[in-house]
Every structure is written in C-alpha cells, then in structure tokens.
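Please read the structure below before turning to the comments.
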Amino acid sequence: MIQIEVTYYAMLRERRGLSAESIQTEAASLGALYDDLAGEFGLPNKRQHLKVAVNDQFVSWDSSFAPGDRITFIPPVSGG
C-alpha cells in the first residue's frame, strides 16, 4: 500500500463530497486507481471523458505513480 493525495474538481468534487483526500492504495495505474474510487464512491465510470494529472502534469491513464504523489482528476467543464 502506498499513500497518495487525490484531488477532485467540479462534478467529481460534488459527487465525492470533498475536494481532496489522502488515501492508501494498491492500484498499479491511474486507471485502476480511478476505477477503484469510482466503484467505492459512485463516481462516473467513463474515464475517456476525464483528464488525469500527477503532480500537476497531465499523464495517460496507464501511467503509474509513487508514494506522496498528488493525483488530480479533472472532468470536462463548460462556462463562459
């Protein structure tokens, strides 16, 4: 298990009920991590519509992460 920080934006923050949390995970990729969180907390399970970043750098869903990393999930947003 590794400890990471997860940050949620927009509708993900609303669904989760908080903007950030520190969690322990055994997930091997960002995709697996999101799938775990989506299943546990009822987040939308359509990753193709989301962006993911590690330590403020956009990365692919199959990327890995290290202890202490900050993972950010970003849904599509609209506005003017």
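Residues are referred to by chain and number: the chain letter is A, B, ... according to the order shown in the structure tokens, the number counts from 1 in that chain, and ligands are numbered separately from 1 in the order shown.
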Original post:
Running DSSP on the backbone, which parts of chain A land in strand (DSSP E or B), as a PyMOL selection string?
Top reply: chain A and resi 2-8+20-25+51-54+57-59+70-74
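The residue set within 7 Å of segment 8-16 of chain A, counting only C-alpha atoms and dropping same-chain residues fewer than 2 places from it, reads Val6, Leu18, Ser19, Ala20, Phe41, Leu43, Thr72, Phe73, Ile74 and Pro75 of chain A.
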Subject >> Which residue of A:Glu5, A:Pro76, A:Arg47, A:Gln24 approaches Ser60 of chain A most closely, using only C-alpha atoms >> reply: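 Among the listed residues, A:Arg47 lies closest to Ser60 of chain A.
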**OP:** Step one, run DSSP on the backbone; step two, keep only residues of chain A assigned to helix (DSSP H, G or I); then write them as a VMD selection string.
**Re:** chain A and resid 10 to 16 30 to 41 47 to 49
**OP:** Tell me, in Å to one decimal, how far atom CA of Asp56 of chain A is from atom CA of Met1 of chain A.
**Re:** 22.4 Å
Subject >> Among the residues A:Ser22, A:Ser63, A:Pro44, A:Leu50, the one that comes closest to Val77 of chain A [using only C-alpha atoms] >> reply: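 Closest to Val77 of chain A of all the choices is A:Leu50.
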**OP:** Find the residue from A:Ala66, A:Ile71, A:Val54, A:Leu30 that sits nearest to Ile2 of chain A; use only C-alpha atoms when measuring.
**Re:**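 Going through A:Ala66, A:Ile71, A:Val54, A:Leu30 one by one, the smallest distance to Ile2 of chain A is for A:Ala66.
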Env of Asp62 of chain A: 10 Å cut, atoms = only C-alpha atoms, seq-sep filter 2 positions within chain, self excluded. Answer as a CSV table (one decimal) with C-alpha atoms, in the first residue's frame.
```
chain,number,residue,atom,x,y,z
A,28,ALA,CA,-0.9,-0.2,-10.1
A,29,SER,CA,-2.0,2.5,-12.6
A,30,LEU,CA,-4.1,5.7,-12.6
A,31,GLY,CA,-6.8,3.9,-14.5
A,32,ALA,CA,-7.0,1.2,-11.8
A,59,VAL,CA,-0.4,12.0,-18.0
A,60,SER,CA,-2.1,8.9,-19.5
A,64,SER,CA,1.9,4.8,-12.6
A,65,PHE,CA,2.5,6.9,-9.5
```
**OP:** Measure the distance from atom CA of Leu33 of chain A to atom CA of Gln57 of chain A in Å and round it to one decimal.
**Re:** 16.9 Å
Original post:
Of the residues A:Gly17, A:Asn45, A:Ala53, A:Arg70, which is the one nearest to Gln3 of chain A, using only C-alpha atoms?
Top reply: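 The closest residue to Gln3 of chain A is A:Arg70.
Distance-wise, atom CA of Pro67 of chain A and atom CA of Glu40 of chain A end up 21.0 Å apart.
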